[in-house]
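Structure, as structure tokens:
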Amino acid sequence: MHVFLKRTAVSMIALVMAMPLSAEAQTAKTLPQSQTQMQLSFAPLVKQTSGAVVNVYAERVVQRQSPFAGDPFFEQFFGQRMPNRTEKQSSLGSGVIVEANGTVITNNHVVDGADDIKIALSDGREFPCKVVLKDDRVDLAVLKIQSKNESFPVLPLGNSDGIEVGDLVLAIGNPFGVGQTVTSGIVSALARNQVKNEVGFFIQTDASINPGNSGGALVNMTGELIGLNTAIFSQGGGSNGIGFAIPANLVKVFLAAADRGDKAFERPYIGASFEPVTSDVAEALGLDKVRGALVTKVVDGGPAAKAGLKPGEVITALNNISIEHPDALGYRLTTAGLGATVALTVLDNGKEHQATMTLAAAPESTPRDERVIDGNNPFSGATVANLSPRVADDLHMPPDSTGVVIESLKQNSPADRLGFAARDIVISINGVAINTTEILQKTVTSNPSFWRVEIERDGQRIRQFFR
């Protein structure tokens, strides 16, 4: 027996109006009241939104190194027979057009390292595009379609703070490269941070998300983008009903930086370190819930110090929005934006008080003074810099890191072959304290018979000897 369903845009709008997203209208959200309501369709909403969701094709050239590279003897006799080879690698993801001029938002991991990127629309048209701004920490990238006098369909950005657990959503993308696919589900949870990403604040949904959906749209029932699908929890690579999306409010801040022409996405520097509140800490501090961000360290002269924050205090809210964990605090600070002044609710010795803090970019309090080390020494091939809050932020290091840091290494250089790594802090060389890049460069020209080097890696001191 076949049942034919009547699909109309009018009935779809009626369902949308019955389930508004604002807090003031929560009581208007109701379950289906009749068989007619049970037969409503998402088709009008899909037609309204799917044209703005695109496929992103990224192609990168990878160099395969000869097994004899770096060995003078074998390079002399065999290097020409087995030269370095290049090959092309392709990846497929999704994206969302958010401005009529062809501005597309997607995940950074979809286009990272790509030499050539193309956008394919749902109507079959393809366009080349360029990267305007990208950031691996928030896993976002803004692309610009290269086309003249074209006006593209747009998916408007919604307010991700207005969604609630249980709200209906659609996920639109290109899973496994099979073509544009739409799945439906609900918002399963908010403020998720158990995801391998520095965003630390995700919308969780049970709408099916699979490989290839990265950068696709999570859409609410009013046709707004409320999240950018970015990750799944899966042991086999397929959808298990646990998908994660970057909230639209973070996308807005990132998009604004791209529209301003910023060369990098800067997050606010607050000059403090935080840890999650455990059950023991919550009991000791008299918290009724295990929530908040525990202040563990405050940098002198930083925004947190100026706001009066002290180690041992707990931030429980920002602008009257509850803070569940340190990642949620970072997210709220980032979406507030540089230059904003935020109100913090701080718990100290069982009593709450308010503090205000102005958000600013990380300062380069010590000149970076980048230097490329060369010559006959263990650090040859390393690019080093003086640490400051700005450099530490660029390298994803603790904000109070000081000294001289290795920013990067030339492949197969002496420093690379000896096992040094980016973010290593050089403490001393042959007993000489390395406080600046100038001291390091002068010290490595001494040409001793052996080298005694001390570095700090991920908080641990390592001593090495070289001849």
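The way I read the labels, and the way they are meant: chains A, B, ... in the order of the structure tokens, residue 1 as the first residue of every chain, and ligand 1 as the first ligand shown, with later ones counted on from there.
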Got a sec to tell me which of region 180-332 of chain A DSSP assigns to strand (DSSP E or B), as a PyMOL selection string?
-> chain A and resi 181-192+202-205+217-219+225-232+243-247+269+272-276+293-298+314-318+321-322
Counting only C-alpha atoms, what is within 10 Å of Asp393 (chain A), bar same-chain residues fewer than 3 positions away, as a ChimeraX atom specification?
-> /A:266-269,361-363,387-390,396-401
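For the pair CA of Cys129 (chain A) and CA of Asp115 (chain A), the interatomic distance is 10.9 Å.
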What is the distance between CA of Gly212 (chain A) and CA of Arg260 (chain A), in Å to one decimal?
-> 29.5 Å
With a cut-off of 7 Å, could you pull out the residues of region 99-214 of chain A touching region 327-340 of chain A and give me the nearest pair of atoms for each, distance in Å to one decimal, using only C-alpha atoms, ordered by chain and ascending number, as a tab-separated table?
```
residue	atom	partner	partner_atom	distance
A:Ala191	CA	A:Ala328	CA	6.7
A:Asn193	CA	A:Asp327	CA	6.8
A:Val199	CA	A:Tyr331	CA	6.8
A:Gly200	CA	A:Asp327	CA	4.8
A:Phe201	CA	A:Ala328	CA	5.9
```
Any idea what's packed within 12 Å of Ala305 (chain A), counting only C-alpha atoms, ignoring anything in its chain fewer than 3 positions away? Could you give it as number ranges by chain?
-> A: 269-273, 295, 297-302, 308-311, 355-358
Would you mind telling me which residue in A:Asp139, A:Asp262, A:Asp206, A:Asp348 lies nearest to Thr230 (chain A) when using only C-alpha atoms?
-> A:Asp139
Test item: residues at most 12 Å from Pro448 (chain A), only C-alpha atoms, excluding those fewer than 2 positions along its chain, as an mmCIF file with N, CA, C and O atoms, in the first residue's frame:
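Wrote it out as result-v9.cif, contents follow:
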```cif
data_model
loop_
_atom_site.group_PDB
_atom_site.id
_atom_site.type_symbol
_atom_site.label_atom_id
_atom_site.label_comp_id
_atom_site.auth_asym_id
_atom_site.auth_seq_id
_atom_site.Cartn_x
_atom_site.Cartn_y
_atom_site.Cartn_z
ATOM 1 N N ASN A 376 78.554 25.197 11.025
ATOM 2 C CA ASN A 376 78.856 23.856 11.526
ATOM 3 C C ASN A 376 78.514 23.769 13.013
ATOM 4 O O ASN A 376 79.387 23.876 13.879
ATOM 5 N N ASN A 377 77.215 23.564 13.319
ATOM 6 C CA ASN A 377 76.764 23.481 14.714
ATOM 7 C C ASN A 377 75.447 22.721 14.765
ATOM 8 O O ASN A 377 74.781 22.551 13.734
ATOM 9 N N PRO A 378 75.036 22.251 15.938
ATOM 10 C CA PRO A 378 73.824 21.424 16.031
ATOM 11 C C PRO A 378 72.539 22.144 15.634
ATOM 12 O O PRO A 378 71.541 21.486 15.323
ATOM 13 N N ILE A 429 73.617 26.410 26.092
ATOM 14 C CA ILE A 429 74.553 25.743 25.183
ATOM 15 C C ILE A 429 75.939 25.833 25.816
ATOM 16 O O ILE A 429 76.444 26.939 26.057
ATOM 17 N N ASN A 430 76.512 24.679 26.140
ATOM 18 C CA ASN A 430 77.839 24.621 26.778
ATOM 19 C C ASN A 430 77.911 25.523 28.005
ATOM 20 O O ASN A 430 78.887 26.246 28.232
ATOM 21 N N THR A 443 76.890 32.183 20.388
ATOM 22 C CA THR A 443 77.398 30.997 21.081
ATOM 23 C C THR A 443 77.723 29.871 20.105
ATOM 24 O O THR A 443 78.711 29.158 20.281
ATOM 25 N N VAL A 444 76.907 29.692 19.058
ATOM 26 C CA VAL A 444 77.122 28.563 18.145
ATOM 27 C C VAL A 444 78.308 28.796 17.205
ATOM 28 O O VAL A 444 78.697 27.875 16.472
ATOM 29 N N THR A 445 78.879 29.985 17.197
ATOM 30 C CA THR A 445 80.057 30.240 16.350
ATOM 31 C C THR A 445 81.362 29.904 17.056
ATOM 32 O O THR A 445 82.435 30.030 16.459
ATOM 33 N N SER A 446 81.293 29.436 18.319
ATOM 34 C CA SER A 446 82.514 29.163 19.097
ATOM 35 C C SER A 446 83.252 27.916 18.633
ATOM 36 O O SER A 446 84.436 27.740 18.913
ATOM 37 N N PHE A 450 83.014 19.563 21.482
ATOM 38 C CA PHE A 450 81.736 18.884 21.684
ATOM 39 C C PHE A 450 80.717 19.907 22.171
ATOM 40 O O PHE A 450 81.068 20.993 22.647
ATOM 41 N N TRP A 451 79.448 19.519 22.043
ATOM 42 C CA TRP A 451 78.350 20.425 22.387
ATOM 43 C C TRP A 451 77.522 19.833 23.526
ATOM 44 O O TRP A 451 77.135 18.671 23.491
ATOM 45 N N ARG A 452 77.246 20.642 24.511
ATOM 46 C CA ARG A 452 76.355 20.268 25.621
ATOM 47 C C ARG A 452 75.147 21.204 25.562
ATOM 48 O O ARG A 452 75.273 22.410 25.797
ATOM 49 N N PHE A 465 74.202 15.683 24.292
ATOM 50 C CA PHE A 465 75.622 15.908 24.021
ATOM 51 C C PHE A 465 75.906 15.506 22.578
ATOM 52 O O PHE A 465 75.462 14.463 22.099
ATOM 53 N N PHE A 466 76.662 16.343 21.877
ATOM 54 C CA PHE A 466 77.012 16.086 20.486
ATOM 55 C C PHE A 466 78.501 16.351 20.275
ATOM 56 O O PHE A 466 79.098 17.208 20.922
ATOM 57 N N ARG A 467 79.095 15.599 19.344
ATOM 58 C CA ARG A 467 80.492 15.842 18.958
ATOM 59 C C ARG A 467 80.559 16.340 17.520
ATOM 60 O O ARG A 467 79.717 16.028 16.726
#
```
Tell me, as a list of chain:residue names, which residues lie within 10 Å of Ala120 (chain A), counting only C-alpha atoms; anything in the same chain fewer than 3 positions away does not count.
->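 My reading of the contact set: A:Val53, A:Val54, A:Asn55, A:Val56, A:Tyr57, A:Ser94, A:Gly95, A:Asp123, A:Gly124, A:Arg125, A:Glu126, A:Phe127, A:Pro128.
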Straight-line distance linking CA of Gly419 (chain A) with CA of Gln464 (chain A), stated in Å to one decimal = 10.3 Å
